[in-house]
Amino acid sequence: MSSRTPPDRAAGRPGWVQALGTVLAGLVAMGVVSALGLWAAGATDLPGNAFPRVVTATVVTAVGGALELSGDAGGLAGTDAGLTVLPLSVTLAGALVIARGFLRPLRHRPVTGAPELLGWAGRIAVLWLLALLGLAFTARQTFEIPLGEGVLNDLGDLFGISPKAGFTTDVPLTVLFGVLWLAGVMVVALSVTRRVPLPGRLPGLRAAVRPAACAMVALLLAYVVVGLVVGLFVAGTRGHPADTFAVLLLGLPNLAWPALTIGLGATWNGRVEGPFGLPVPQVLDEVLRTPDVSSVNLGTLTERDGRMWWLLVVAAVLLLAAGFVAAVRSPARTPVWRLAVHMAVALALTVLTIGLVGRISAHYGLSVLGIGDLGGGLSGRLYLRPRLWGALGLALLWGLVAGFLGALLARGAGRRGGAPPGRLGGTGRRGAGGT
């Protein structure tokens, strides 16, 4: 028996194994991050051995899945609850691992045909779909709600009311958004890499979008790194390290990426009512706890803490660096105005994405015989959402300036252009007449 396997079989059989490994690696990464974050937040104390299901629900929401909150308090009582939030630390961990697994078999190959690329992506998508279905049917739990002290507790004892709340997964929406999330991860991965050959006209398209896409990915990751450093400093100097690590492991980009938009001058609207304890910087909590809708921007934050002006400085420095990166990776002799336009469009799309995935909405309430809360802390509301059109306008302006200045810096450093137009980024060198 020959020890050699025909190339087509060698590529066909391990394809499913590698796809399974990619999907499992992504799920394990998200599961570990969410489990550690929930453990730091004290979720292991939840009744009914609910911790594994809560971890599963966190992974589901991290890929865009939809949870449905429900309540049952009997005929004499009513409950109402809703939650919309993406734990972006978990999302980011899964995206990085799956993107690496998706690209790894395709790197350093002389050519990749369309059927091979689509087949590889399709195998991952099929296994991912099956995994989503398994997660969706597993992520469900019911909890009993203690009525606490006071009038509500007395009414509950009198009428034998034992309110319950729980969550289930909206399976169709979870599958839809989960598959779209995977497709987005694959598209971004192919857009920023230069080591995977693409079929047809895709190399030319990637050459056009890759410089700005790389710059935006680097910008977002840089904000996460800066936020991580600040979070570790806070954990080591201000006490309550478990709460800080819970935020870092579950929602670090939920704070870092909106900070980018605020540094650009954007405004977020929000409000906190009730006993919500926000695991956020104290200055943000103070801004949100007002009688009316609050405006979260550089002005309102610096009124309470002058150090918040550093958000503007950090945004300016990192955007200039992103503009330089985009110029260096762009084809030789690309006009400065085109680099500025590409940077503006890329930054606007990035801010749009932050505005869509970074918004938060949560509410809950309980009433007995039409009497709600009564000082018992059994109702509350929280929301935070951006003024999107204003943020997009600012992003376009900042992108134009950063792209223009970055191109001038790259030209001054003699590093304009990573490859001539029409060639794969990074596979060619500048010509003798390159600038």
# chains A, B, ... in the order shown; residues from 1 in each chain; ligands from 1
$ select_by_dssp --residues "stretch 128-254 of chain A" --states "strand (DSSP E)" --output "PyMOL selection string"
chain A and resi 141-144+164-170
$ residues_around --residues "A:Met216" --least-positions-apart "2" --cutoff "7 Å" --atoms "only C-alpha atoms" --output "list in words"
Ala212, Ala213, Cys214, Ala218, Leu219, Leu220, Ala322, Ala346 and Leu347 of chain A
$ write_last_selection --atoms "N, CA, C and O atoms" --output "mmCIF file, in the first residue's frame"
data_model
loop_
_atom_site.group_PDB
_atom_site.id
_atom_site.type_symbol
_atom_site.label_atom_id
_atom_site.label_comp_id
_atom_site.auth_asym_id
_atom_site.auth_seq_id
_atom_site.Cartn_x
_atom_site.Cartn_y
_atom_site.Cartn_z
ATOM 1 N N ALA A 212 -6.680 50.573 3.811
ATOM 2 C CA ALA A 212 -7.564 51.207 4.778
ATOM 3 C C ALA A 212 -8.157 50.192 5.742
ATOM 4 O O ALA A 212 -8.332 50.472 6.932
ATOM 5 N N ALA A 213 -8.465 48.976 5.243
ATOM 6 C CA ALA A 213 -9.010 47.947 6.128
ATOM 7 C C ALA A 213 -7.999 47.545 7.188
ATOM 8 O O ALA A 213 -8.336 47.391 8.363
ATOM 9 N N CYS A 214 -6.745 47.364 6.784
ATOM 10 C CA CYS A 214 -5.698 47.047 7.772
ATOM 11 C C CYS A 214 -5.565 48.155 8.801
ATOM 12 O O CYS A 214 -5.388 47.895 10.000
ATOM 13 N N ALA A 218 -6.172 47.652 12.789
ATOM 14 C CA ALA A 218 -5.110 48.023 13.725
ATOM 15 C C ALA A 218 -5.592 49.085 14.715
ATOM 16 O O ALA A 218 -5.239 49.046 15.901
ATOM 17 N N LEU A 219 -6.409 50.024 14.241
ATOM 18 C CA LEU A 219 -6.926 51.068 15.127
ATOM 19 C C LEU A 219 -7.809 50.479 16.220
ATOM 20 O O LEU A 219 -7.676 50.817 17.405
ATOM 21 N N LEU A 220 -8.722 49.589 15.839
ATOM 22 C CA LEU A 220 -9.614 48.978 16.827
ATOM 23 C C LEU A 220 -8.832 48.133 17.835
ATOM 24 O O LEU A 220 -9.103 48.179 19.043
ATOM 25 N N ALA A 322 -2.899 55.454 12.055
ATOM 26 C CA ALA A 322 -3.668 54.638 11.116
ATOM 27 C C ALA A 322 -3.559 55.194 9.696
ATOM 28 O O ALA A 322 -3.439 54.429 8.726
ATOM 29 N N ALA A 346 -13.391 54.435 5.172
ATOM 30 C CA ALA A 346 -13.117 53.332 6.091
ATOM 31 C C ALA A 346 -13.443 53.710 7.526
ATOM 32 O O ALA A 346 -14.037 52.917 8.276
ATOM 33 N N LEU A 347 -13.077 54.923 7.932
ATOM 34 C CA LEU A 347 -13.365 55.347 9.297
ATOM 35 C C LEU A 347 -14.863 55.514 9.512
ATOM 36 O O LEU A 347 -15.389 55.167 10.587
#
$ residues_around --residues "A:Leu298" --least-positions-apart "5" --cutoff "7 Å" --atoms "only C-alpha atoms" --output "PyMOL selection string"
chain A and resi 262-263+265+308-309
$ residues_around --residues "stretch 133-144 of chain A" --least-positions-apart "6" --cutoff "8 Å" --atoms "only C-alpha atoms" --output "PDB file with all heavy atoms, in the first residue's frame"
ATOM      1  N   PRO A  47     -28.563  30.321  40.997  1.00  0.00           N
ATOM      2  CA  PRO A  47     -29.222  29.082  41.433  1.00  0.00           C
ATOM      3  C   PRO A  47     -29.478  28.132  40.280  1.00  0.00           C
ATOM      4  O   PRO A  47     -29.450  28.505  39.103  1.00  0.00           O
ATOM      5  CB  PRO A  47     -30.544  29.599  42.027  1.00  0.00           C
ATOM      6  CG  PRO A  47     -30.810  30.883  41.299  1.00  0.00           C
ATOM      7  CD  PRO A  47     -29.461  31.491  41.041  1.00  0.00           C
ATOM      8  N   GLY A  48     -29.761  26.896  40.632  1.00  0.00           N
ATOM      9  CA  GLY A  48     -30.169  25.908  39.647  1.00  0.00           C
ATOM     10  C   GLY A  48     -29.078  25.471  38.689  1.00  0.00           C
ATOM     11  O   GLY A  48     -29.368  25.067  37.556  1.00  0.00           O
ATOM     12  N   ALA A  50     -27.107  27.147  36.909  1.00  0.00           N
ATOM     13  CA  ALA A  50     -27.373  27.877  35.673  1.00  0.00           C
ATOM     14  C   ALA A  50     -26.117  28.383  34.985  1.00  0.00           C
ATOM     15  O   ALA A  50     -26.188  28.842  33.842  1.00  0.00           O
ATOM     16  CB  ALA A  50     -28.302  29.061  35.961  1.00  0.00           C
ATOM     17  N   ARG A  53     -25.338  27.355  31.321  1.00  0.00           N
ATOM     18  CA  ARG A  53     -26.303  27.885  30.353  1.00  0.00           C
ATOM     19  C   ARG A  53     -26.134  29.388  30.161  1.00  0.00           C
ATOM     20  O   ARG A  53     -26.346  29.904  29.057  1.00  0.00           O
ATOM     21  CB  ARG A  53     -27.722  27.552  30.809  1.00  0.00           C
ATOM     22  CG  ARG A  53     -28.040  26.061  30.769  1.00  0.00           C
ATOM     23  CD  ARG A  53     -29.472  25.783  31.187  1.00  0.00           C
ATOM     24  NE  ARG A  53     -29.801  24.368  31.094  1.00  0.00           N
ATOM     25  CZ  ARG A  53     -29.565  23.487  32.058  1.00  0.00           C
ATOM     26  NH1 ARG A  53     -29.012  23.900  33.193  1.00  0.00           N
ATOM     27  NH2 ARG A  53     -29.865  22.215  31.908  1.00  0.00           N
ATOM     28  N   VAL A  54     -25.751  30.083  31.232  1.00  0.00           N
ATOM     29  CA  VAL A  54     -25.493  31.512  31.095  1.00  0.00           C
ATOM     30  C   VAL A  54     -24.252  31.745  30.240  1.00  0.00           C
ATOM     31  O   VAL A  54     -24.209  32.683  29.424  1.00  0.00           O
ATOM     32  CB  VAL A  54     -25.343  32.161  32.479  1.00  0.00           C
ATOM     33  CG1 VAL A  54     -24.938  33.624  32.349  1.00  0.00           C
ATOM     34  CG2 VAL A  54     -26.651  32.054  33.257  1.00  0.00           C
ATOM     35  N   THR A  56     -23.292  29.758  27.838  1.00  0.00           N
ATOM     36  CA  THR A  56     -23.755  29.488  26.478  1.00  0.00           C
ATOM     37  C   THR A  56     -24.535  30.668  25.921  1.00  0.00           C
ATOM     38  O   THR A  56     -24.358  31.051  24.752  1.00  0.00           O
ATOM     39  CB  THR A  56     -24.629  28.226  26.468  1.00  0.00           C
ATOM     40  OG1 THR A  56     -23.892  27.129  27.005  1.00  0.00           O
ATOM     41  CG2 THR A  56     -25.066  27.885  25.059  1.00  0.00           C
ATOM     42  N   ALA A  57     -25.401  31.250  26.739  1.00  0.00           N
ATOM     43  CA  ALA A  57     -26.168  32.408  26.287  1.00  0.00           C
ATOM     44  C   ALA A  57     -25.255  33.586  25.964  1.00  0.00           C
ATOM     45  O   ALA A  57     -25.503  34.336  25.010  1.00  0.00           O
ATOM     46  CB  ALA A  57     -27.180  32.811  27.358  1.00  0.00           C
ATOM     47  N   VAL A  60     -23.820  32.987  22.597  1.00  0.00           N
ATOM     48  CA  VAL A  60     -24.850  33.221  21.588  1.00  0.00           C
ATOM     49  C   VAL A  60     -24.996  34.708  21.293  1.00  0.00           C
ATOM     50  O   VAL A  60     -25.033  35.137  20.134  1.00  0.00           O
ATOM     51  CB  VAL A  60     -26.196  32.614  22.040  1.00  0.00           C
ATOM     52  CG1 VAL A  60     -27.340  33.116  21.167  1.00  0.00           C
ATOM     53  CG2 VAL A  60     -26.132  31.093  21.987  1.00  0.00           C
ATOM     54  N   SER A 162     -44.897  33.512  43.576  1.00  0.00           N
ATOM     55  CA  SER A 162     -43.462  33.224  43.466  1.00  0.00           C
ATOM     56  C   SER A 162     -43.014  33.561  42.041  1.00  0.00           C
ATOM     57  O   SER A 162     -43.036  32.705  41.154  1.00  0.00           O
ATOM     58  CB  SER A 162     -43.179  31.748  43.767  1.00  0.00           C
ATOM     59  OG  SER A 162     -41.807  31.468  43.640  1.00  0.00           O
ATOM     60  N   PRO A 163     -42.639  34.814  41.791  1.00  0.00           N
ATOM     61  CA  PRO A 163     -42.303  35.232  40.428  1.00  0.00           C
ATOM     62  C   PRO A 163     -41.042  34.540  39.916  1.00  0.00           C
ATOM     63  O   PRO A 163     -40.111  34.262  40.657  1.00  0.00           O
ATOM     64  CB  PRO A 163     -42.096  36.739  40.551  1.00  0.00           C
ATOM     65  CG  PRO A 163     -41.741  36.961  41.982  1.00  0.00           C
ATOM     66  CD  PRO A 163     -42.496  35.922  42.756  1.00  0.00           C
ATOM     67  N   LYS A 164     -41.054  34.279  38.622  1.00  0.00           N
ATOM     68  CA  LYS A 164     -39.918  33.661  37.969  1.00  0.00           C
ATOM     69  C   LYS A 164     -39.581  34.443  36.704  1.00  0.00           C
ATOM     70  O   LYS A 164     -40.439  35.066  36.092  1.00  0.00           O
ATOM     71  CB  LYS A 164     -40.229  32.202  37.602  1.00  0.00           C
ATOM     72  CG  LYS A 164     -40.503  31.297  38.803  1.00  0.00           C
ATOM     73  CD  LYS A 164     -40.826  29.886  38.347  1.00  0.00           C
ATOM     74  CE  LYS A 164     -41.115  28.985  39.557  1.00  0.00           C
ATOM     75  NZ  LYS A 164     -41.448  27.596  39.137  1.00  0.00           N
ATOM     76  N   ALA A 165     -38.326  34.398  36.357  1.00  0.00           N
ATOM     77  CA  ALA A 165     -37.854  35.017  35.118  1.00  0.00           C
ATOM     78  C   ALA A 165     -36.850  34.080  34.480  1.00  0.00           C
ATOM     79  O   ALA A 165     -36.193  33.278  35.161  1.00  0.00           O
ATOM     80  CB  ALA A 165     -37.223  36.380  35.394  1.00  0.00           C
ATOM     81  N   GLY A 166     -36.736  34.169  33.185  1.00  0.00           N
ATOM     82  CA  GLY A 166     -35.803  33.304  32.493  1.00  0.00           C
ATOM     83  C   GLY A 166     -35.486  33.818  31.108  1.00  0.00           C
ATOM     84  O   GLY A 166     -35.926  34.898  30.708  1.00  0.00           O
ATOM     85  N   PHE A 167     -34.706  33.044  30.386  1.00  0.00           N
ATOM     86  CA  PHE A 167     -34.354  33.435  29.029  1.00  0.00           C
ATOM     87  C   PHE A 167     -34.356  32.207  28.138  1.00  0.00           C
ATOM     88  O   PHE A 167     -34.084  31.078  28.559  1.00  0.00           O
ATOM     89  CB  PHE A 167     -32.981  34.117  28.997  1.00  0.00           C
ATOM     90  CG  PHE A 167     -31.846  33.244  29.470  1.00  0.00           C
ATOM     91  CD1 PHE A 167     -31.200  32.369  28.621  1.00  0.00           C
ATOM     92  CD2 PHE A 167     -31.404  33.331  30.792  1.00  0.00           C
ATOM     93  CE1 PHE A 167     -30.148  31.577  29.047  1.00  0.00           C
ATOM     94  CE2 PHE A 167     -30.356  32.543  31.240  1.00  0.00           C
ATOM     95  CZ  PHE A 167     -29.730  31.664  30.364  1.00  0.00           C
ATOM     96  N   THR A 168     -34.702  32.435  26.907  1.00  0.00           N
ATOM     97  CA  THR A 168     -34.591  31.431  25.847  1.00  0.00           C
ATOM     98  C   THR A 168     -33.962  32.110  24.637  1.00  0.00           C
ATOM     99  O   THR A 168     -33.811  33.339  24.600  1.00  0.00           O
ATOM    100  CB  THR A 168     -35.967  30.853  25.468  1.00  0.00           C
ATOM    101  OG1 THR A 168     -36.831  31.940  25.066  1.00  0.00           O
ATOM    102  CG2 THR A 168     -36.593  30.116  26.632  1.00  0.00           C
ATOM    103  N   THR A 169     -33.610  31.317  23.653  1.00  0.00           N
ATOM    104  CA  THR A 169     -32.960  31.847  22.460  1.00  0.00           C
ATOM    105  C   THR A 169     -33.941  31.872  21.302  1.00  0.00           C
ATOM    106  O   THR A 169     -34.671  30.908  21.074  1.00  0.00           O
ATOM    107  CB  THR A 169     -31.749  30.981  22.081  1.00  0.00           C
ATOM    108  OG1 THR A 169     -30.882  30.876  23.200  1.00  0.00           O
ATOM    109  CG2 THR A 169     -30.993  31.579  20.922  1.00  0.00           C
ATOM    110  N   ASP A 170     -33.978  32.999  20.614  1.00  0.00           N
ATOM    111  CA  ASP A 170     -34.731  33.080  19.364  1.00  0.00           C
ATOM    112  C   ASP A 170     -33.904  32.374  18.296  1.00  0.00           C
ATOM    113  O   ASP A 170     -32.947  32.944  17.740  1.00  0.00           O
ATOM    114  CB  ASP A 170     -34.968  34.549  18.998  1.00  0.00           C
ATOM    115  CG  ASP A 170     -35.904  34.705  17.820  1.00  0.00           C
ATOM    116  OD1 ASP A 170     -35.842  33.873  16.893  1.00  0.00           O
ATOM    117  OD2 ASP A 170     -36.700  35.658  17.812  1.00  0.00           O
ATOM    118  N   VAL A 171     -34.253  31.127  18.007  1.00  0.00           N
ATOM    119  CA  VAL A 171     -33.406  30.289  17.148  1.00  0.00           C
ATOM    120  C   VAL A 171     -33.263  30.855  15.736  1.00  0.00           C
ATOM    121  O   VAL A 171     -32.137  30.952  15.217  1.00  0.00           O
ATOM    122  CB  VAL A 171     -33.942  28.846  17.119  1.00  0.00           C
ATOM    123  CG1 VAL A 171     -33.112  27.981  16.170  1.00  0.00           C
ATOM    124  CG2 VAL A 171     -33.913  28.241  18.529  1.00  0.00           C
ATOM    125  N   THR A 174     -31.017  33.902  15.812  1.00  0.00           N
ATOM    126  CA  THR A 174     -29.657  33.521  16.198  1.00  0.00           C
ATOM    127  C   THR A 174     -28.912  32.911  15.016  1.00  0.00           C
ATOM    128  O   THR A 174     -27.739  33.230  14.771  1.00  0.00           O
ATOM    129  CB  THR A 174     -29.707  32.517  17.364  1.00  0.00           C
ATOM    130  OG1 THR A 174     -30.260  33.165  18.509  1.00  0.00           O
ATOM    131  CG2 THR A 174     -28.323  32.000  17.698  1.00  0.00           C
ATOM    132  N   VAL A 175     -29.570  32.030  14.291  1.00  0.00           N
ATOM    133  CA  VAL A 175     -28.935  31.411  13.128  1.00  0.00           C
ATOM    134  C   VAL A 175     -28.633  32.465  12.064  1.00  0.00           C
ATOM    135  O   VAL A 175     -27.538  32.500  11.484  1.00  0.00           O
ATOM    136  CB  VAL A 175     -29.834  30.304  12.566  1.00  0.00           C
ATOM    137  CG1 VAL A 175     -29.311  29.816  11.222  1.00  0.00           C
ATOM    138  CG2 VAL A 175     -29.916  29.138  13.552  1.00  0.00           C
TER     139      VAL A 175
END
$ residues_around --residues "stretch 396-412 of chain A" --least-positions-apart "6" --cutoff "9 Å" --atoms "only C-alpha atoms" --output "PyMOL selection string"
chain A and resi 264+316+319-328+335-348+435
$ write_last_selection --atoms "N, CA and C atoms" --output "PDB file, in the first residue's frame"
ATOM      1  N   LEU A 264     -13.501  61.505  18.875  1.00  0.00           N
ATOM      2  CA  LEU A 264     -13.717  62.211  17.615  1.00  0.00           C
ATOM      3  C   LEU A 264     -14.712  63.358  17.759  1.00  0.00           C
ATOM      4  N   ALA A 316      -6.564  61.429  18.208  1.00  0.00           N
ATOM      5  CA  ALA A 316      -5.773  62.122  17.190  1.00  0.00           C
ATOM      6  C   ALA A 316      -4.487  61.361  16.873  1.00  0.00           C
ATOM      7  N   LEU A 319      -5.312  57.897  15.161  1.00  0.00           N
ATOM      8  CA  LEU A 319      -5.828  58.074  13.800  1.00  0.00           C
ATOM      9  C   LEU A 319      -4.717  58.504  12.844  1.00  0.00           C
ATOM     10  N   LEU A 320      -3.828  59.343  13.309  1.00  0.00           N
ATOM     11  CA  LEU A 320      -2.699  59.732  12.471  1.00  0.00           C
ATOM     12  C   LEU A 320      -1.821  58.517  12.153  1.00  0.00           C
ATOM     13  N   ALA A 321      -1.604  57.674  13.164  1.00  0.00           N
ATOM     14  CA  ALA A 321      -0.843  56.442  12.936  1.00  0.00           C
ATOM     15  C   ALA A 321      -1.562  55.534  11.948  1.00  0.00           C
ATOM     16  N   ALA A 322      -2.899  55.454  12.055  1.00  0.00           N
ATOM     17  CA  ALA A 322      -3.668  54.638  11.116  1.00  0.00           C
ATOM     18  C   ALA A 322      -3.559  55.194   9.696  1.00  0.00           C
ATOM     19  N   GLY A 323      -3.592  56.506   9.558  1.00  0.00           N
ATOM     20  CA  GLY A 323      -3.416  57.109   8.236  1.00  0.00           C
ATOM     21  C   GLY A 323      -2.049  56.812   7.645  1.00  0.00           C
ATOM     22  N   PHE A 324      -1.017  56.821   8.488  1.00  0.00           N
ATOM     23  CA  PHE A 324       0.330  56.477   8.041  1.00  0.00           C
ATOM     24  C   PHE A 324       0.399  55.018   7.586  1.00  0.00           C
ATOM     25  N   VAL A 325      -0.211  54.122   8.376  1.00  0.00           N
ATOM     26  CA  VAL A 325      -0.225  52.700   8.018  1.00  0.00           C
ATOM     27  C   VAL A 325      -0.935  52.492   6.681  1.00  0.00           C
ATOM     28  N   ALA A 326      -2.067  53.149   6.497  1.00  0.00           N
ATOM     29  CA  ALA A 326      -2.803  52.999   5.242  1.00  0.00           C
ATOM     30  C   ALA A 326      -1.982  53.501   4.058  1.00  0.00           C
ATOM     31  N   ALA A 327      -1.267  54.614   4.228  1.00  0.00           N
ATOM     32  CA  ALA A 327      -0.455  55.151   3.138  1.00  0.00           C
ATOM     33  C   ALA A 327       0.707  54.233   2.804  1.00  0.00           C
ATOM     34  N   VAL A 328       1.356  53.694   3.818  1.00  0.00           N
ATOM     35  CA  VAL A 328       2.494  52.803   3.599  1.00  0.00           C
ATOM     36  C   VAL A 328       2.067  51.542   2.860  1.00  0.00           C
ATOM     37  N   PRO A 335      -2.579  58.822  -5.464  1.00  0.00           N
ATOM     38  CA  PRO A 335      -2.707  60.238  -5.112  1.00  0.00           C
ATOM     39  C   PRO A 335      -3.086  60.430  -3.645  1.00  0.00           C
ATOM     40  N   VAL A 336      -2.592  61.506  -3.071  1.00  0.00           N
ATOM     41  CA  VAL A 336      -2.865  61.795  -1.662  1.00  0.00           C
ATOM     42  C   VAL A 336      -4.357  61.958  -1.418  1.00  0.00           C
ATOM     43  N   TRP A 337      -5.040  62.616  -2.361  1.00  0.00           N
ATOM     44  CA  TRP A 337      -6.468  62.843  -2.155  1.00  0.00           C
ATOM     45  C   TRP A 337      -7.240  61.520  -2.109  1.00  0.00           C
ATOM     46  N   ARG A 338      -6.773  60.517  -2.901  1.00  0.00           N
ATOM     47  CA  ARG A 338      -7.453  59.233  -2.899  1.00  0.00           C
ATOM     48  C   ARG A 338      -7.222  58.502  -1.581  1.00  0.00           C
ATOM     49  N   LEU A 339      -6.007  58.606  -1.046  1.00  0.00           N
ATOM     50  CA  LEU A 339      -5.729  58.002   0.258  1.00  0.00           C
ATOM     51  C   LEU A 339      -6.614  58.627   1.328  1.00  0.00           C
ATOM     52  N   ALA A 340      -6.792  59.934   1.257  1.00  0.00           N
ATOM     53  CA  ALA A 340      -7.634  60.618   2.236  1.00  0.00           C
ATOM     54  C   ALA A 340      -9.087  60.163   2.120  1.00  0.00           C
ATOM     55  N   VAL A 341      -9.575  60.012   0.898  1.00  0.00           N
ATOM     56  CA  VAL A 341     -10.955  59.568   0.701  1.00  0.00           C
ATOM     57  C   VAL A 341     -11.138  58.139   1.200  1.00  0.00           C
ATOM     58  N   HIS A 342     -10.194  57.266   0.878  1.00  0.00           N
ATOM     59  CA  HIS A 342     -10.279  55.881   1.358  1.00  0.00           C
ATOM     60  C   HIS A 342     -10.300  55.825   2.884  1.00  0.00           C
ATOM     61  N   MET A 343      -9.456  56.633   3.496  1.00  0.00           N
ATOM     62  CA  MET A 343      -9.406  56.655   4.954  1.00  0.00           C
ATOM     63  C   MET A 343     -10.716  57.178   5.533  1.00  0.00           C
ATOM     64  N   ALA A 344     -11.291  58.190   4.910  1.00  0.00           N
ATOM     65  CA  ALA A 344     -12.556  58.747   5.397  1.00  0.00           C
ATOM     66  C   ALA A 344     -13.681  57.728   5.309  1.00  0.00           C
ATOM     67  N   VAL A 345     -13.773  57.037   4.186  1.00  0.00           N
ATOM     68  CA  VAL A 345     -14.829  56.031   4.022  1.00  0.00           C
ATOM     69  C   VAL A 345     -14.633  54.890   5.013  1.00  0.00           C
ATOM     70  N   ALA A 346     -13.391  54.435   5.172  1.00  0.00           N
ATOM     71  CA  ALA A 346     -13.117  53.332   6.091  1.00  0.00           C
ATOM     72  C   ALA A 346     -13.443  53.710   7.526  1.00  0.00           C
ATOM     73  N   LEU A 347     -13.077  54.923   7.932  1.00  0.00           N
ATOM     74  CA  LEU A 347     -13.365  55.347   9.297  1.00  0.00           C
ATOM     75  C   LEU A 347     -14.863  55.514   9.512  1.00  0.00           C
ATOM     76  N   ALA A 348     -15.574  56.016   8.511  1.00  0.00           N
ATOM     77  CA  ALA A 348     -17.027  56.151   8.642  1.00  0.00           C
ATOM     78  C   ALA A 348     -17.686  54.778   8.801  1.00  0.00           C
ATOM     79  N   THR A 435       7.698  56.711  -5.528  1.00  0.00           N
ATOM     80  CA  THR A 435       7.952  57.789  -4.578  1.00  0.00           C
ATOM     81  C   THR A 435       7.993  57.247  -3.174  1.00  0.00           C
TER      82      THR A 435
END
$ closest_residue --among "A:Val226, A:Leu205, A:Val59, A:Val314" --to "A:Met30" --atoms "only C-alpha atoms"
A:Val59
$ atom_distance --atom1 "atom CA of A:Ser191" --atom2 "atom CA of A:Ala62"
22.3 Å
$ closest_residue --among "A:Ala93, A:Val272, A:Leu318, A:Leu198" --to "A:Leu252" --atoms "only C-alpha atoms"
A:Ala93
$ select_by_dssp --residues "stretch 200-381 of chain A" --states "alpha helix (DSSP H)" --output "number ranges by chain"
A: 202-237, 241-263, 282-288, 298-304, 310-329, 336-357
$ residues_around --residues "stretch 116-121 of chain A" --least-positions-apart "3" --cutoff "9 Å" --atoms "only C-alpha atoms" --output "list in words"
Gly15, Trp16, Ala19, Phe102, Leu106, Thr112, Gly113, Ile124, Ala125, Val126, Ala183, Met186, Leu198 and Pro199 of chain A
$ atom_distance --atom1 "atom CA of A:Gly299" --atom2 "atom CA of A:Ala222"
24.0 Å
$ atom_distance --atom1 "atom CA of A:Thr261" --atom2 "atom CA of A:Ala29"
27.8 Å
